[in-house]
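This is structure14.cif (mmCIF, C-alpha atoms and all ligand atoms).
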```
data_start
loop_
_atom_site.label_atom_id
_atom_site.label_comp_id
_atom_site.auth_asym_id
_atom_site.auth_seq_id
_atom_site.Cartn_x
_atom_site.Cartn_y
_atom_site.Cartn_z
CA MET A 28 103.67 2.96 48.49
CA GLU A 29 102.45 5.96 46.51
CA GLU A 30 99.12 4.23 46.10
CA HIS A 31 99.01 3.53 49.82
CA ARG A 32 99.54 7.19 50.61
CA LEU A 33 96.61 8.16 48.50
CA THR A 34 94.16 5.78 50.06
CA LYS A 35 94.70 4.38 53.51
CA TRP A 36 96.96 7.16 54.75
CA ASN A 37 94.87 10.03 53.56
CA PHE A 38 93.10 11.24 56.68
CA GLU A 39 92.17 14.58 55.24
CA GLY A 40 89.57 15.52 52.74
CA ASN A 41 86.30 14.06 51.79
CA ASN A 42 86.77 10.52 53.01
CA GLY A 43 84.69 10.26 56.14
CA TYR A 44 87.12 11.90 58.53
CA ASP A 45 85.87 15.37 57.73
CA LYS A 46 83.86 15.52 60.90
CA ILE A 47 87.06 16.06 62.92
CA ASN A 48 88.00 18.93 60.66
CA LYS A 49 84.49 20.35 60.95
CA ALA A 50 84.50 19.96 64.72
CA SER A 51 87.86 21.68 65.17
CA LYS A 52 86.80 24.70 63.14
CA ILE A 53 83.94 25.53 65.49
CA ASN A 54 86.40 26.48 68.16
CA ILE A 55 87.23 29.51 70.28
CA ARG A 56 90.89 28.50 70.46
CA THR A 57 91.22 28.49 66.67
CA VAL A 58 89.80 32.00 66.41
CA LEU A 59 91.95 33.35 69.24
CA GLN A 60 95.07 31.80 67.73
CA MET A 61 94.26 33.49 64.43
CA LEU A 62 94.04 36.82 66.29
CA MET A 63 97.30 36.18 68.19
CA ASP A 64 99.03 35.50 64.87
CA ASN A 65 98.10 39.04 63.85
CA LEU A 66 99.69 40.83 66.81
CA ASN A 67 101.98 43.69 65.87
CA GLN A 68 105.53 42.50 66.58
CA HIS A 69 106.75 46.07 67.19
CA GLU A 70 104.22 46.80 69.92
CA ASN A 71 105.72 47.63 73.31
CA ARG A 72 102.53 47.68 75.35
CA PRO A 73 101.34 44.49 77.01
CA VAL A 74 98.77 42.39 75.17
CA VAL A 75 95.32 42.68 76.79
CA PRO A 76 93.63 39.28 76.59
CA LEU A 77 89.88 39.92 76.74
CA GLY A 78 89.22 36.99 74.44
CA HIS A 79 89.18 33.90 76.58
CA GLY A 80 88.31 33.19 80.15
CA ASP A 81 91.22 31.97 82.19
CA PRO A 82 91.70 34.39 85.07
CA SER A 83 93.97 31.97 86.93
CA VAL A 84 97.08 33.51 85.36
CA PHE A 85 96.44 36.85 87.17
CA ALA A 86 97.46 37.59 90.76
CA SER A 87 93.97 38.84 91.66
CA PHE A 88 92.51 35.48 90.71
CA ARG A 89 94.75 33.03 92.53
CA THR A 90 93.02 30.01 94.02
CA CYS A 91 92.87 29.61 97.82
CA SER A 92 95.62 28.02 99.91
CA VAL A 93 93.08 25.45 101.16
CA ALA A 94 92.84 24.06 97.63
CA GLU A 95 96.61 24.13 97.11
CA ASP A 96 97.18 22.37 100.46
CA ALA A 97 94.57 19.75 99.59
CA ILE A 98 96.56 18.79 96.49
CA VAL A 99 99.84 18.64 98.41
CA ASP A 100 98.24 16.53 101.15
CA ALA A 101 96.71 14.19 98.59
CA VAL A 102 100.05 13.68 96.85
CA ARG A 103 101.98 13.19 100.11
CA SER A 104 99.49 10.69 101.47
CA ALA A 105 100.60 8.21 98.77
CA LYS A 106 97.01 6.97 98.75
CA TYR A 107 96.25 8.28 95.28
CA ASN A 108 99.03 6.96 93.10
CA CYS A 109 96.72 4.24 91.83
CA TYR A 110 94.18 4.16 89.00
CA ALA A 111 90.75 5.37 90.06
CA SER A 112 87.44 3.66 89.48
CA HIS A 113 85.99 4.61 86.08
CA VAL A 114 83.20 6.64 87.71
CA GLY A 115 85.50 8.33 90.24
CA ILE A 116 86.63 7.53 93.78
CA LEU A 117 83.89 7.25 96.39
CA PRO A 118 84.86 10.06 98.83
CA ALA A 119 85.12 12.51 95.94
CA ARG A 120 81.75 11.50 94.48
CA ARG A 121 80.21 11.79 97.93
CA ALA A 122 81.70 15.28 98.39
CA VAL A 123 80.17 16.47 95.11
CA ALA A 124 76.80 14.91 96.02
CA GLU A 125 76.77 16.77 99.35
CA TYR A 126 78.00 20.00 97.76
CA LEU A 127 75.19 20.04 95.20
CA SER A 128 72.52 18.71 97.58
CA SER A 129 72.90 21.74 99.83
CA ASP A 130 71.12 23.82 97.13
CA LEU A 131 68.44 21.23 96.31
CA PRO A 132 65.10 20.27 97.85
CA TYR A 133 66.19 16.60 97.87
CA THR A 134 69.40 14.69 98.54
CA LEU A 135 71.72 13.35 95.87
CA SER A 136 73.68 10.17 96.48
CA GLU A 137 77.22 9.42 95.40
CA ASP A 138 75.70 7.11 92.78
CA ASP A 139 74.29 10.16 90.99
CA VAL A 140 77.79 11.59 90.51
CA TYR A 141 80.36 10.75 87.81
CA LEU A 142 83.73 12.47 87.90
CA THR A 143 85.15 13.74 84.63
CA ILE A 144 88.19 15.51 83.23
CA GLY A 145 86.80 19.01 83.66
CA CYS A 146 83.32 20.05 82.62
CA ALA A 147 84.49 19.61 79.03
CA GLN A 148 84.64 15.83 79.36
CA ALA A 149 81.24 15.83 81.04
CA ILE A 150 79.88 17.55 77.91
CA HIS A 151 81.66 15.01 75.74
CA VAL A 152 80.24 12.08 77.70
CA ILE A 153 76.61 13.19 77.68
CA LEU A 154 76.63 14.14 73.99
CA THR A 155 78.26 10.85 73.00
CA VAL A 156 75.69 8.90 74.97
CA LEU A 157 72.81 10.86 73.42
CA ALA A 158 74.29 10.35 69.94
CA ASN A 159 73.91 6.64 70.57
CA ARG A 160 70.20 7.07 69.87
CA PRO A 161 69.62 6.92 66.12
CA SER A 162 68.52 10.24 64.53
CA ALA A 163 68.56 12.06 67.87
CA ASN A 164 68.93 15.82 67.94
CA ILE A 165 69.60 18.32 70.72
CA LEU A 166 68.86 22.02 71.20
CA LEU A 167 71.77 24.38 71.84
CA PRO A 168 71.75 28.07 72.84
CA ARG A 169 72.78 30.84 70.46
CA PRO A 170 74.98 32.55 71.42
CA GLY A 171 76.57 29.59 73.11
CA PHE A 172 79.70 27.71 74.02
CA PRO A 173 81.11 26.18 70.82
CA LEU A 174 82.51 23.08 72.48
CA TYR A 175 78.95 21.71 72.33
CA GLU A 176 78.83 22.13 68.55
CA SER A 177 82.33 20.63 68.20
CA TYR A 178 81.59 17.54 70.25
CA ALA A 179 78.17 17.09 68.66
CA ALA A 180 79.78 17.29 65.21
CA SER A 181 82.48 14.82 66.18
CA CYS A 182 79.95 12.20 67.28
CA ASN A 183 77.46 12.98 64.48
CA LEU A 184 74.79 14.24 66.83
CA GLU A 185 72.44 16.69 65.12
CA TYR A 186 72.02 20.05 66.86
CA ARG A 187 69.59 22.91 66.39
CA HIS A 188 69.94 26.42 67.77
CA TYR A 189 67.42 28.28 69.85
CA ASP A 190 68.00 31.96 70.55
CA LEU A 191 68.80 33.70 73.78
CA LEU A 192 66.99 37.04 73.71
CA PRO A 193 69.13 40.13 74.40
CA ASP A 194 66.05 42.30 74.90
CA ARG A 195 64.75 39.93 77.56
CA GLY A 196 67.92 39.64 79.64
CA TRP A 197 69.21 36.80 77.46
CA GLU A 198 66.39 34.49 78.48
CA VAL A 199 65.64 31.38 76.45
CA ASP A 200 63.20 31.92 73.57
CA LEU A 201 60.85 29.19 74.74
CA GLU A 202 58.49 29.54 71.80
CA ALA A 203 61.41 28.89 69.47
CA VAL A 204 62.33 25.85 71.54
CA GLU A 205 58.88 24.38 71.04
CA ALA A 206 58.93 25.16 67.34
CA LEU A 207 62.38 23.63 66.86
CA SER A 208 61.86 20.34 68.60
CA ASP A 209 60.42 17.23 67.04
CA GLU A 210 59.96 13.59 68.03
CA ASN A 211 63.73 12.99 67.77
CA THR A 212 64.72 15.84 70.06
CA VAL A 213 66.18 14.36 73.23
CA ALA A 214 67.64 17.29 75.19
CA ILE A 215 68.01 21.02 75.60
CA VAL A 216 71.28 22.52 76.84
CA ILE A 217 71.22 25.60 79.06
CA ILE A 218 74.27 27.39 80.44
CA ASN A 219 73.57 29.19 83.69
CA PRO A 220 75.22 31.46 84.83
CA GLY A 221 75.77 32.19 81.18
CA ASN A 222 78.78 32.07 78.97
CA PRO A 223 78.94 34.16 76.76
CA CYS A 224 76.23 36.54 78.02
CA GLY A 225 76.99 36.90 81.73
CA SER A 226 73.29 36.39 82.38
CA VAL A 227 71.73 34.60 85.35
CA PHE A 228 68.33 32.95 84.95
CA THR A 229 65.67 33.63 87.56
CA SER A 230 64.08 30.75 89.38
CA GLN A 231 60.81 31.50 87.53
CA HIS A 232 62.50 31.27 84.14
CA LEU A 233 64.22 28.00 85.07
CA GLU A 234 60.87 26.58 86.08
CA LYS A 235 59.40 27.60 82.72
CA ILE A 236 62.30 25.89 80.95
CA ALA A 237 61.63 22.76 83.01
CA GLU A 238 57.93 22.84 82.13
CA THR A 239 58.63 23.33 78.43
CA ALA A 240 61.08 20.42 78.49
CA ARG A 241 58.54 18.26 80.27
CA LYS A 242 55.92 19.09 77.67
CA LEU A 243 58.37 18.19 74.90
CA ARG A 244 59.48 15.06 76.81
CA ILE A 245 63.14 16.02 76.61
CA LEU A 246 65.76 16.20 79.34
CA VAL A 247 67.61 19.32 80.41
CA ILE A 248 71.40 19.44 80.33
CA ALA A 249 72.35 22.22 82.75
CA ASP A 250 75.91 23.49 82.34
CA GLU A 251 76.56 25.04 85.74
CA VAL A 252 80.32 25.35 85.49
CA TYR A 253 79.89 28.98 86.75
CA ASP A 254 77.77 27.92 89.72
CA HIS A 255 77.62 30.59 92.43
CA LEU A 256 79.68 33.05 90.37
CA THR A 257 76.93 35.67 90.49
CA PHE A 258 77.27 39.30 91.53
CA GLY A 259 74.04 41.03 90.49
CA SER A 260 70.53 40.96 91.88
CA THR A 261 69.61 37.48 90.60
CA PRO A 262 70.88 34.66 92.82
CA PHE A 263 72.15 31.38 91.36
CA VAL A 264 69.53 28.64 91.41
CA PRO A 265 70.54 25.22 90.13
CA MET A 266 68.31 23.61 87.48
CA GLY A 267 68.22 20.50 89.66
CA VAL A 268 65.73 22.32 91.90
CA PHE A 269 63.20 21.49 89.17
CA GLY A 270 64.39 17.90 88.80
CA SER A 271 60.98 16.57 89.81
CA ILE A 272 59.39 18.40 86.86
CA VAL A 273 61.91 17.13 84.34
CA PRO A 274 65.08 15.01 84.58
CA VAL A 275 68.22 17.14 84.66
CA VAL A 276 71.82 16.25 83.89
CA THR A 277 73.98 18.79 85.69
CA LEU A 278 77.50 19.46 84.43
CA GLY A 279 80.05 21.23 86.61
CA ALA A 280 83.65 21.53 87.70
CA ILE A 281 85.96 23.19 90.18
CA SER A 282 87.57 25.00 87.21
CA LYS A 283 85.76 28.34 87.45
CA ARG A 284 84.60 28.77 91.03
CA TRP A 285 87.97 27.69 92.42
CA LEU A 286 89.90 29.35 89.57
CA VAL A 287 91.79 26.17 88.67
CA PRO A 288 90.80 25.21 85.10
CA GLY A 289 94.12 23.43 84.68
CA TRP A 290 93.33 20.92 87.41
CA ARG A 291 90.82 19.27 85.08
CA LEU A 292 88.27 18.07 87.61
CA GLY A 293 84.61 18.14 86.71
CA TRP A 294 81.43 16.14 87.10
CA LEU A 295 78.31 14.87 85.42
CA VAL A 296 75.44 14.49 87.88
CA THR A 297 71.95 13.14 87.36
CA THR A 298 69.63 15.43 89.32
CA ASP A 299 66.57 13.31 88.78
CA PRO A 300 64.65 12.49 91.98
CA ASN A 301 62.10 10.40 90.06
CA GLY A 302 64.79 8.16 88.61
CA ILE A 303 63.55 8.61 85.04
CA LEU A 304 67.06 8.59 83.55
CA LYS A 305 67.80 5.29 85.27
CA ILE A 306 64.65 3.68 83.90
CA SER A 307 65.38 5.06 80.42
CA GLY A 308 68.74 3.28 80.27
CA LEU A 309 70.65 6.54 79.94
CA VAL A 310 72.48 6.04 83.23
CA LYS A 311 73.58 2.56 82.16
CA ASN A 312 74.91 4.05 78.92
CA ILE A 313 76.82 6.76 80.81
CA VAL A 314 78.51 4.16 83.02
CA GLU A 315 79.32 1.97 80.04
CA TYR A 316 80.82 4.88 78.15
CA LEU A 317 82.89 5.98 81.18
CA ASN A 318 84.31 2.45 81.16
CA ILE A 319 86.12 3.22 77.94
CA THR A 320 87.24 6.80 78.71
CA VAL A 321 90.19 8.06 80.74
CA ASP A 322 89.70 9.42 84.27
CA PRO A 323 90.73 12.60 86.06
CA PRO A 324 94.07 12.12 87.91
CA THR A 325 93.45 10.21 91.13
CA PHE A 326 95.26 12.67 93.42
CA ILE A 327 93.02 15.52 92.21
CA GLN A 328 90.04 13.34 93.03
CA GLY A 329 91.64 12.56 96.39
CA ALA A 330 91.99 16.27 97.14
CA LEU A 331 88.39 17.07 96.20
CA PRO A 332 86.64 16.47 99.56
CA GLN A 333 89.10 18.82 101.29
CA ILE A 334 88.77 21.44 98.53
CA ILE A 335 84.98 21.38 98.67
CA ASN A 336 84.54 21.15 102.42
CA LYS A 337 87.34 23.35 103.71
CA THR A 338 87.30 26.34 101.37
CA LYS A 339 86.35 29.42 103.36
CA ASP A 340 83.54 31.74 102.31
CA ASP A 341 85.89 34.71 102.25
CA PHE A 342 87.72 33.21 99.27
CA PHE A 343 84.45 33.01 97.34
CA SER A 344 83.35 36.50 98.36
CA LYS A 345 86.71 37.96 97.36
CA THR A 346 86.35 36.47 93.87
CA ILE A 347 82.76 37.68 93.61
CA ASN A 348 83.72 41.21 94.67
CA THR A 349 86.57 41.33 92.18
CA LEU A 350 84.26 40.11 89.40
CA ARG A 351 81.53 42.59 90.37
CA GLU A 352 83.94 45.51 90.22
CA ALA A 353 85.38 44.26 86.94
CA ALA A 354 81.90 43.88 85.44
CA ASP A 355 81.04 47.44 86.57
CA THR A 356 84.22 48.82 85.03
CA CYS A 357 83.50 46.98 81.81
CA TYR A 358 79.88 48.11 81.62
CA ASN A 359 80.66 51.75 82.41
CA LYS A 360 83.60 52.01 80.00
CA ILE A 361 81.61 50.40 77.20
CA ARG A 362 78.89 53.02 77.65
CA GLU A 363 81.47 55.64 76.65
CA ILE A 364 82.10 53.90 73.32
CA PRO A 365 79.57 54.96 70.65
CA CYS A 366 79.85 51.97 68.29
CA ILE A 367 79.42 49.34 71.04
CA THR A 368 76.32 48.78 73.15
CA CYS A 369 75.76 46.41 76.02
CA PRO A 370 72.11 45.33 76.27
CA ASN A 371 72.48 43.70 79.67
CA LYS A 372 74.90 44.34 82.47
CA PRO A 373 76.54 41.01 83.33
CA GLU A 374 75.35 39.44 86.59
CA GLY A 375 77.34 36.23 86.53
CA SER A 376 80.17 34.19 84.97
CA MET A 377 83.12 36.13 83.54
CA PHE A 378 81.77 37.39 80.22
CA VAL A 379 79.67 40.00 78.54
CA MET A 380 78.19 40.12 75.03
CA VAL A 381 78.11 43.53 73.36
CA ARG A 382 76.61 44.64 70.07
CA LEU A 383 78.92 46.18 67.48
CA ASN A 384 77.46 48.85 65.22
CA VAL A 385 79.77 48.68 62.20
CA SER A 386 77.77 51.34 60.34
CA LEU A 387 79.32 53.92 62.68
CA LEU A 388 82.82 52.86 61.68
CA ASP A 389 84.87 53.60 58.62
CA GLY A 390 86.46 50.72 56.75
CA ILE A 391 85.46 48.00 59.18
CA GLY A 392 83.31 45.31 57.60
CA ASP A 393 82.21 43.09 60.46
CA ASP A 394 83.09 41.70 63.90
CA VAL A 395 86.02 39.61 62.62
CA ASP A 396 87.46 42.59 60.77
CA PHE A 397 87.03 44.72 63.91
CA CYS A 398 88.89 42.17 66.06
CA LEU A 399 91.69 41.74 63.52
CA LYS A 400 92.31 45.49 63.23
CA LEU A 401 92.00 45.92 67.00
CA VAL A 402 94.68 43.32 67.66
CA LYS A 403 97.00 44.85 65.05
CA GLU A 404 96.60 48.44 66.22
CA GLU A 405 95.99 48.11 69.95
CA SER A 406 97.16 44.61 70.95
CA VAL A 407 93.78 43.92 72.53
CA ILE A 408 92.25 40.50 71.97
CA VAL A 409 88.47 40.32 71.84
CA LEU A 410 86.40 37.38 70.61
CA PRO A 411 84.29 38.09 67.50
CA GLY A 412 80.66 37.19 68.16
CA ILE A 413 80.60 34.89 65.16
CA ALA A 414 82.72 32.42 67.18
CA VAL A 415 79.80 32.02 69.60
CA GLY A 416 77.13 32.19 66.90
CA MET A 417 76.36 35.92 66.67
CA LYS A 418 77.73 38.02 63.86
CA ASN A 419 78.57 41.64 64.64
CA TRP A 420 78.64 41.08 68.34
CA LEU A 421 81.71 40.78 70.57
CA ARG A 422 82.39 38.68 73.63
CA LEU A 423 84.64 40.20 76.26
CA THR A 424 85.88 38.68 79.47
CA PHE A 425 86.34 41.02 82.40
CA ALA A 426 88.09 38.45 84.59
CA ILE A 427 91.59 39.81 84.14
CA GLU A 428 93.82 41.98 86.33
CA PRO A 429 91.75 45.18 86.99
CA SER A 430 94.47 47.61 85.85
CA LEU A 431 94.91 45.69 82.60
CA LEU A 432 91.14 45.66 82.08
CA GLU A 433 90.97 49.46 82.30
CA ASP A 434 93.93 49.76 79.96
CA GLY A 435 92.31 47.40 77.42
CA LEU A 436 88.92 49.14 77.48
CA GLY A 437 90.68 52.50 77.05
CA ARG A 438 92.45 51.15 73.98
CA ILE A 439 89.18 49.85 72.52
CA LYS A 440 87.67 53.31 73.00
CA ALA A 441 90.66 54.99 71.32
CA PHE A 442 90.41 52.51 68.44
CA CYS A 443 86.69 53.18 67.96
CA LEU A 444 87.11 56.95 68.06
CA ARG A 445 89.95 56.74 65.54
CA HIS A 446 87.82 54.68 63.16
CA ALA A 447 84.55 56.54 63.70
CA LYS A 448 82.83 57.78 60.54
CA LYS A 449 83.13 61.51 60.13
CA GLN A 450 79.73 63.18 60.34
C1 LIG B 1 84.90 26.72 80.76
C2 LIG B 1 83.63 26.10 80.36
C3 LIG B 1 83.49 24.70 80.27
C4 LIG B 1 84.66 23.76 80.41
O1 LIG B 1 85.04 23.63 81.72
P1 LIG B 1 86.37 22.82 82.10
O2 LIG B 1 86.12 22.40 83.50
O3 LIG B 1 87.51 23.76 81.95
O4 LIG B 1 86.49 21.67 81.18
C5 LIG B 1 82.25 24.17 79.97
N1 LIG B 1 81.18 24.97 79.75
C6 LIG B 1 81.28 26.32 79.78
C7 LIG B 1 80.07 27.15 79.50
C8 LIG B 1 82.51 26.93 80.07
O5 LIG B 1 82.61 28.26 80.06
#
```
Could you take the file, read its structure, and then write that structure out as structure tokens?
Ligand SMILES: *Cc1c(COP(=O)(O)O)cnc(C)c1O
Amino acid sequence: MEEHRLTKWNFEGNNGYDKINKASKINIRTVLQMLMDNLNQHENRPVVPLGHGDPSVFASFRTCSVAEDAIVDAVRSAKYNCYASHVGILPARRAVAEYLSSDLPYTLSEDDVYLTIGCAQAIHVILTVLANRPSANILLPRPGFPLYESYAASCNLEYRHYDLLPDRGWEVDLEAVEALSDENTVAIVIINPGNPCGSVFTSQHLEKIAETARKLRILVIADEVYDHLTFGSTPFVPMGVFGSIVPVVTLGAISKRWLVPGWRLGWLVTTDPNGILKISGLVKNIVEYLNITVDPPTFIQGALPQIINKTKDDFFSKTINTLREAADTCYNKIREIPCITCPNKPEGSMFVMVRLNVSLLDGIGDDVDFCLKLVKEESVIVLPGIAVGMKNWLRLTFAIEPSLLEDGLGRIKAFCLRHAKKQ
């Protein structure tokens, strides 16, 4: 038995299972949990969670009654107690195809749409399928969304980082993309509107990305989970608009726009009017892989057409207005804090990246140290930039209750003033 324990039952350590350990370490949740563990137990003030993006717990960010009713109706209809097809039920796929087509110069069909358990599973599916190609590698943004690194690590898919440029509105460093890619590069991932930067790419920049990808003969994976969540001067343009330049795999969900991340409904869509992905066999691989994965709950799928088609514009504009005001508050308050600078005012999503100047602070070594001391002294949770690939930066979400946001930013300012180096 003892011998057994040491061999077959040893899942940890250097025995081939390390990739799970590696994958789980590149994780926002792990970092936030570490910060939560350092909260001061004697603190009476509320914790201000600026670390992760789930506004749905706040009253100002409640989903619309149309969406809630759609779920109730779907459950009561008793039509969705069954298993769904592995690619999703037809009316729901059709609703997503119509929803996305309204922003495209061509029409998607339901056959282009695969329903997934949130956008996260869509990421998992496409990376797993790409990993099926021996020696393949993909290009990921830095700063980025670490779930890509985690999933790539867990399926042994090589990834390389290209930079987003803070001095150019967080645009993609396209020269770096060309320099990084080789004959085994199969895809570039872009996240637009951006997490963690709150940036929104212009149509011109998206077209340049498409042309670069075409030149490199790679496909574009466009994470558009924050579609239409824009509140600056740059409108949201889906990457699929350039689908005739280069094949695009669009990933999305109702999680962010409808403020229901817990409903776990997302999609993977091939926005590829020339059918290149079909010819390449990638689509066949996606369908085959979906055959062996689990599906989003059928009643959520059943509710989807009603959610998409019946939600009123005033729900969306209310969310946008709340986010715009929150982003303004965040930007203006940060300008009052000497050791933190914000290179770009956020125009979309729910996040902003800010630069931390530790040389102005006494006894604070880096971004992780800053966040640890901040949580201990002020009960404010902020994500250290290192968790999204950028040391000595911070990622803040502004999608929390407005009064709590002001409170939290005030505490960050007090903390910075208290720790400022004496002249
Ligand atoms: C939240 C998020 C996801 C995951 O979306 P779910 O629908 O909750 O799975 C994927 N990509 C980015 C950039 C995100 O911020």
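Of the residues listed (A:Asn222, A:Ser386, A:Ser112, A:Ser260), A:Asn222 shows the shortest atom-to-atom separation from A:Gly80; distances use only C-alpha atoms.
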Self-check item: Residues within 12 Å of A:Lys305, all atoms listed in the file, excluding chain neighbours under 3 positions, as number ranges by chain
Solution: A: 138-139, 274-276, 297-302, 308-314
List as a tab-separated table every residue of chain A that is in contact with ligand LIG 1 (chain B), defined as an atom at most 7 Å from one of its atoms (using all atoms listed in the file), together with the nearest atom pair and the distance in Å rounded to one decimal, sorted by chain and then rising number.
```
residue	atom	partner	partner_atom	distance
A:Ile144	CA	B:LIG1	O4	6.7
A:Gly145	CA	B:LIG1	O2	3.5
A:Cys146	CA	B:LIG1	O2	3.8
A:Ala147	CA	B:LIG1	O4	3.6
A:Gln148	CA	B:LIG1	O4	6.4
A:Phe172	CA	B:LIG1	C7	5.5
A:Ile218	CA	B:LIG1	C7	5.9
A:Gly221	CA	B:LIG1	C7	6.8
A:Asn222	CA	B:LIG1	C7	5.1
A:Asp250	CA	B:LIG1	N1	6.1
A:Val252	CA	B:LIG1	N1	5.8
A:Gly279	CA	B:LIG1	O2	6.9
A:Ala280	CA	B:LIG1	O2	4.9
A:Ile281	CA	B:LIG1	O2	6.7
A:Ser282	CA	B:LIG1	O2	4.8
A:Lys283	CA	B:LIG1	C1	6.9
A:Pro288	CA	B:LIG1	O3	4.8
A:Arg291	CA	B:LIG1	O2	5.9
A:Leu292	CA	B:LIG1	O2	6.3
A:Gly293	CA	B:LIG1	O2	5.5
```
Exercise. Can you work out the spacing between atom CA of A:Gly115 and atom CA of A:Pro265 in Å, to one decimal?
Key: 22.6 Å
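Among the candidate residues A:Ile408, A:Met417, A:Asn371, A:Arg351, the one lying nearest to A:Asp393 is A:Met417, with distances computed using only C-alpha atoms.
Minimum atom-to-atom distances from A:Gly270, A:Tyr316, A:Pro223, A:Thr229 to A:Trp420 were compared using only C-alpha atoms, and the lowest value belongs to A:Pro223.
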Exercise. Anything within 7 Å of (76.1, 16.4, 78.4): list those residues as JSON, numbers by chain, counting all atoms listed in the file and sticking to the file's coordinates.
Key: {"A": [149, 150, 151, 152, 153, 154, 248, 276, 278]}
Self-check item: A:Asp322, A:Ala179, A:Gln333, A:Val247 ranked by distance to A:Leu304, top pick (using only C-alpha atoms)
Solution: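 Selected residue with least distance to A:Leu304: A:Val247.
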Quiz item: In Å, with one decimal, what is the gap from atom CA of A:Pro220 to atom CA of A:Glu428?
Solution: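 Those two atoms sit 21.4 Å apart.
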Give the centre and edge lengths of an axis-aligned box, in Å to one decimal, that holds all listed atoms of stretch 269-288 of chain A with 5 Å on each side, as lines of an AutoDock Vina configuration file.
```
center_x = 75.6
center_y = 22.2
center_z = 88.2
size_x = 42.4
size_y = 24.3
size_z = 18.5
```
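Relative to atom CA of A:Asp434, atom CA of A:Asp389 is found at 23.5 Å.
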Quiz item: Nearest to A:Val415 among A:Arg438, A:His69, A:Arg120, A:His188, with distances taken over all atoms listed in the file: which residue is it?
Solution: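 Among the listed residues, the smallest separation from A:Val415 belongs to A:His188.
Nearest residue to A:Val213, choosing from A:Asp200, A:Ile165, A:Pro193, A:Ser226 and counting all atoms listed in the file: A:Ile165.
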Exercise. For a cut-off of 8 Å around (84.8, 28.5, 91.5), file coordinates, pick out all residues using all atoms listed in the file and list them as an MDAnalysis selection string.
Key: chainID A and resid 253:256 281:287 343
Quiz item: Hey, what's within 6 Å of A:Pro82 if we count only C-alpha atoms and toss same-chain stuff fewer than 3 positions away? As a list in words, please?
Solution: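 Residues meeting the cut-off are Phe85, Phe88, Ala426 and Ile427 of chain A.
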What does the file look like for those residues with C-alpha atoms, as a short mmCIF file (atom, residue, chain, number, x, y, z; two decimals), keeping the file's coordinate frame?
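Contents of part34.cif, freshly written:
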```cif
data_model
loop_
_atom_site.label_atom_id
_atom_site.label_comp_id
_atom_site.auth_asym_id
_atom_site.auth_seq_id
_atom_site.Cartn_x
_atom_site.Cartn_y
_atom_site.Cartn_z
CA PHE A 85 96.44 36.85 87.17
CA PHE A 88 92.51 35.48 90.71
CA ALA A 426 88.09 38.45 84.59
CA ILE A 427 91.59 39.81 84.14
#
```
Exercise. Write out as a list in words which residues come within 8 Å of A:Glu234 when counting all atoms listed in the file, dropping same-chain ones fewer than 4 positions away.
Key: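 Near A:Glu234, the qualifying residues are Ser230, Glu238 and Phe269 of chain A.
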I need the residues from that last selection saved to file as a tab-separated table (two decimals), in the coordinates of the input (with C-alpha atoms), if you can.
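This went into selection_10.tsv:
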```
chain	number	residue	atom	x	y	z
A	230	SER	CA	64.08	30.75	89.38
A	238	GLU	CA	57.93	22.84	82.13
A	269	PHE	CA	63.20	21.49	89.17
```
Quiz prompt | Contacts of A:Leu436 at 12 Å (all atoms listed in the file; same-chain gap of 2+ positions) as a PyMOL selection string | solution = chain A and resi 75-77+353-354+356-364+367+401+405-409+423-425+427+429-434+438-443
Quiz item: Near A:Cys366, counting only C-alpha atoms, which residues have an atom at most 9 Å away, once you skip same-chain residues fewer than 2 positions from it, shown as an MDAnalysis selection string?
Solution: chainID A and resid 364 368 382:388 443:444 447
